[in-house]
Amino acid sequence: MTQILKTSIIPIEYDEKTKASAFELKDILEQNPLFFKTVLKKYQQISYLKKQHSFYLQTNSTINILEKMYNGNINNCNKKDWLDKEAGRALLLYTINRKIKGQYDFSEFEEDTINQFLVYGYIHETKAYEKIDSYLENMTKNQQQEIEEWLYNKYSFELLNYLIKVQYQKIVQRLLLGKEENIEETLNTMIRITATKEFLREGQEKECNLSLSSKEIDQLCEEFLIKIEPSLNWYKIFCMAKQAGVFIEDSNDKKIIENEIGIDEWTCFQHTDGNWYIYSPSTGTILDSIYKIHEFIHYLINTTPPILEENIYILKELPSLFFEELMRIFLIEKGYPKEEIEKDKFNRELGISKMSSALLDILFYIEQISHGEKITLEQELMRQKEIKKIYEELEPDKKISLNFLKENVLKTTKNSIEELIEDPLFVEETYPYIIGYQYSEILLERAKQDKSIITNMINMIPEIKILTTNEVINRLGLTSSKKK
């Protein structure tokens, strides 16, 4: 028997078989009457019985009005507080940088679903339900930015805590091999070394004006390898690599596209065919010789058996940074303009500075998480106020407003979030450059008086993958046996 259930929003047509569903639906509608009055205003009633009625729900189907209306795939979106914290994290992860899709546990969300979810959340919050159709059907760029800004402001610290916990777990699992008791000492070392490089250089990258052909670049590399490694083993490997097509300059090469390598990103990578390659997008300048030597050292290490499972090995950039600087010295000694070669040295230090600045904030957050603390706006403002006191003691005439402090906190958190979303491996990819650069500078200074430093580095290359950090440090005579 057909019956009508009256609600404050819209009548529901049902029978005995669908009675339970109808009353459940009534409760759902009345959780947010303003929303449903707006989005259902063009319908006369909801029916569980007849398809010709304005809004039809199949018998015993899962009640999800929004899914039915907009063909979305949004679980639990009709609950009173459906935009929960996990959903907020997922949405922000998606909207800040589309490239992260699939890198976290939120890859099941389709793009259309995410866009709908965003609109529902924003409209739900602002109560501007009459705008929902226009936002869904033809969203402008300004509307999209407006929604993303709202979402960021609402969920930024929830997301920051989530991302920093992930980084903390990575350091424990991949750097400390699960030995969480060593985290404090490790973080202290990472913070100390990173802080020394934060202000290494300031300014803009410098452009080299000394043009050289690819043939001339290879000749310089070969000459350098012959000089630096008299057994000629590295020279022979370099020549064989050229013949085997290891060096790839074309950004349209299938291997570059398949590995999703950035068009200007010099890198040594392993393809699905099991072989290692070097993407060397020519700049047409003498600096290509420095970049090629840097990546060739990675190639030597990566192609040396045994092939180990990839890990966070923190000194993996040390050899390449060491030999790239030797290549700069070699070029200057050959008579090439020092000011052109040193542009690359400046750019490297500038890059290390920028990495350090971004990494230091993240390391401080990881330190907080390691102490069992939660990162909050209030806590960060308190920390900024302490910094404010120090600044004002140093410069009594310079006043810093609380608004400035808040803006600084929000800017720092946003930068850290974006950094970790765009590159979830940011910590383990940047710190090796920072510590590697520090140690290479120490070794290069010693090598001016002691040529055995270079020999030791060359001899260690074939086995560096299987050595622990302490073993490398001790073999090179860098520091004490403390963990780094």
# chains A, B, ... in the order shown; residues from 1 in each chain; ligands from 1

call {"tool": "closest_atom_pairs", "arguments": {"of": "segment 249-311 of chain A", "to": "segment 326-334 of chain A", "cutoff": "10 Å", "atoms": "only C-alpha atoms", "output": "CSV"}}
result
residue,atom,partner,partner_atom,distance
A:Ile286,CA,A:Leu331,CA,8.9
A:Leu287,CA,A:Arg328,CA,8.8
A:Ser289,CA,A:Met327,CA,7.9
A:Ile290,CA,A:Met327,CA,6.0
A:Tyr291,CA,A:Met327,CA,9.4
A:Lys292,CA,A:Met327,CA,10.0
A:Ile293,CA,A:Met327,CA,7.4
A:His294,CA,A:Met327,CA,9.0

call {"tool": "write_last_selection", "arguments": {"atoms": "N, CA and C atoms", "output": "PDB file, in the first residue's frame"}}
result
ATOM      1  N   ILE A 286      79.540  24.995 -20.741  1.00  0.00           N
ATOM      2  CA  ILE A 286      80.590  24.188 -20.126  1.00  0.00           C
ATOM      3  C   ILE A 286      80.122  23.507 -18.841  1.00  0.00           C
ATOM      4  N   LEU A 287      79.050  24.032 -18.250  1.00  0.00           N
ATOM      5  CA  LEU A 287      78.544  23.456 -17.005  1.00  0.00           C
ATOM      6  C   LEU A 287      78.015  22.033 -17.205  1.00  0.00           C
ATOM      7  N   SER A 289      79.533  19.661 -18.412  1.00  0.00           N
ATOM      8  CA  SER A 289      80.598  18.716 -18.041  1.00  0.00           C
ATOM      9  C   SER A 289      80.557  18.436 -16.534  1.00  0.00           C
ATOM     10  N   ILE A 290      80.234  19.455 -15.744  1.00  0.00           N
ATOM     11  CA  ILE A 290      80.146  19.280 -14.289  1.00  0.00           C
ATOM     12  C   ILE A 290      78.938  18.415 -13.940  1.00  0.00           C
ATOM     13  N   TYR A 291      77.802  18.715 -14.578  1.00  0.00           N
ATOM     14  CA  TYR A 291      76.587  17.948 -14.312  1.00  0.00           C
ATOM     15  C   TYR A 291      76.776  16.477 -14.721  1.00  0.00           C
ATOM     16  N   LYS A 292      77.468  16.281 -15.840  1.00  0.00           N
ATOM     17  CA  LYS A 292      77.646  14.918 -16.344  1.00  0.00           C
ATOM     18  C   LYS A 292      78.543  14.099 -15.409  1.00  0.00           C
ATOM     19  N   ILE A 293      79.560  14.716 -14.872  1.00  0.00           N
ATOM     20  CA  ILE A 293      80.427  14.021 -13.911  1.00  0.00           C
ATOM     21  C   ILE A 293      79.643  13.688 -12.644  1.00  0.00           C
ATOM     22  N   HIS A 294      78.827  14.623 -12.172  1.00  0.00           N
ATOM     23  CA  HIS A 294      78.014  14.378 -10.972  1.00  0.00           C
ATOM     24  C   HIS A 294      77.145  13.132 -11.165  1.00  0.00           C
TER      25      HIS A 294
END

call {"tool": "residues_around", "arguments": {"residues": "Lys37 of chain A", "least_positions_apart": "6", "cutoff": "10 Å", "atoms": "only C-alpha atoms", "output": "NGL selection string"}}
result
:A and (8-10 or 29-30 or 43 or 129-130)

call {"tool": "residues_around", "arguments": {"residues": "Leu363 of chain A", "least_positions_apart": "2", "cutoff": "12 Å", "atoms": "only C-alpha atoms", "output": "PyMOL selection string"}}
result
chain A and resi 164-165+167-168+171+183-184+186-195+355-361+365-370+416+420+426-428+430-431

call {"tool": "residues_around", "arguments": {"residues": "Ile458 of chain A", "least_positions_apart": "2", "cutoff": "10 Å", "atoms": "only C-alpha atoms", "output": "PyMOL selection string"}}
result
chain A and resi 228-229+234+297+319+323+452-456+460-462

call {"tool": "closest_residue", "arguments": {"among": "A:Gln384, A:Leu425, A:Ile46, A:Ala244", "to": "Lys170 of chain A", "atoms": "only C-alpha atoms"}}
result
A:Leu425

call {"tool": "residues_around", "arguments": {"residues": "Phe23 of chain A", "least_positions_apart": "2", "cutoff": "12 Å", "atoms": "only C-alpha atoms", "output": "mmCIF file with C-alpha atoms, in the first residue's frame"}}
result
data_model
loop_
_atom_site.group_PDB
_atom_site.id
_atom_site.type_symbol
_atom_site.label_atom_id
_atom_site.label_comp_id
_atom_site.auth_asym_id
_atom_site.auth_seq_id
_atom_site.Cartn_x
_atom_site.Cartn_y
_atom_site.Cartn_z
ATOM 1 C CA GLN A 3 1.901 5.877 1.788
ATOM 2 C CA ILE A 4 3.224 9.432 2.025
ATOM 3 C CA LEU A 5 5.656 10.457 4.757
ATOM 4 C CA LYS A 6 5.566 14.184 5.355
ATOM 5 C CA THR A 7 8.773 15.985 6.217
ATOM 6 C CA PRO A 11 7.145 14.383 0.931
ATOM 7 C CA ILE A 12 8.450 10.810 0.610
ATOM 8 C CA GLU A 13 6.373 8.145 -1.120
ATOM 9 C CA TYR A 14 6.881 4.599 0.200
ATOM 10 C CA ASP A 15 5.217 1.242 0.954
ATOM 11 C CA GLU A 16 5.652 -1.364 3.692
ATOM 12 C CA LYS A 17 8.787 -2.793 2.050
ATOM 13 C CA THR A 18 10.477 0.600 1.924
ATOM 14 C CA LYS A 19 9.109 2.047 5.154
ATOM 15 C CA ALA A 20 12.367 1.699 7.107
ATOM 16 C CA SER A 21 14.330 3.366 4.304
ATOM 17 C CA LEU A 25 15.791 9.192 4.742
ATOM 18 C CA LYS A 26 13.564 11.578 6.712
ATOM 19 C CA ASP A 27 16.167 11.687 9.486
ATOM 20 C CA ILE A 28 18.911 12.404 6.968
ATOM 21 C CA LEU A 29 16.962 15.229 5.351
ATOM 22 C CA GLU A 30 16.179 16.863 8.665
ATOM 23 C CA TYR A 48 10.632 4.659 -3.612
ATOM 24 C CA ILE A 63 20.457 6.077 0.701
#
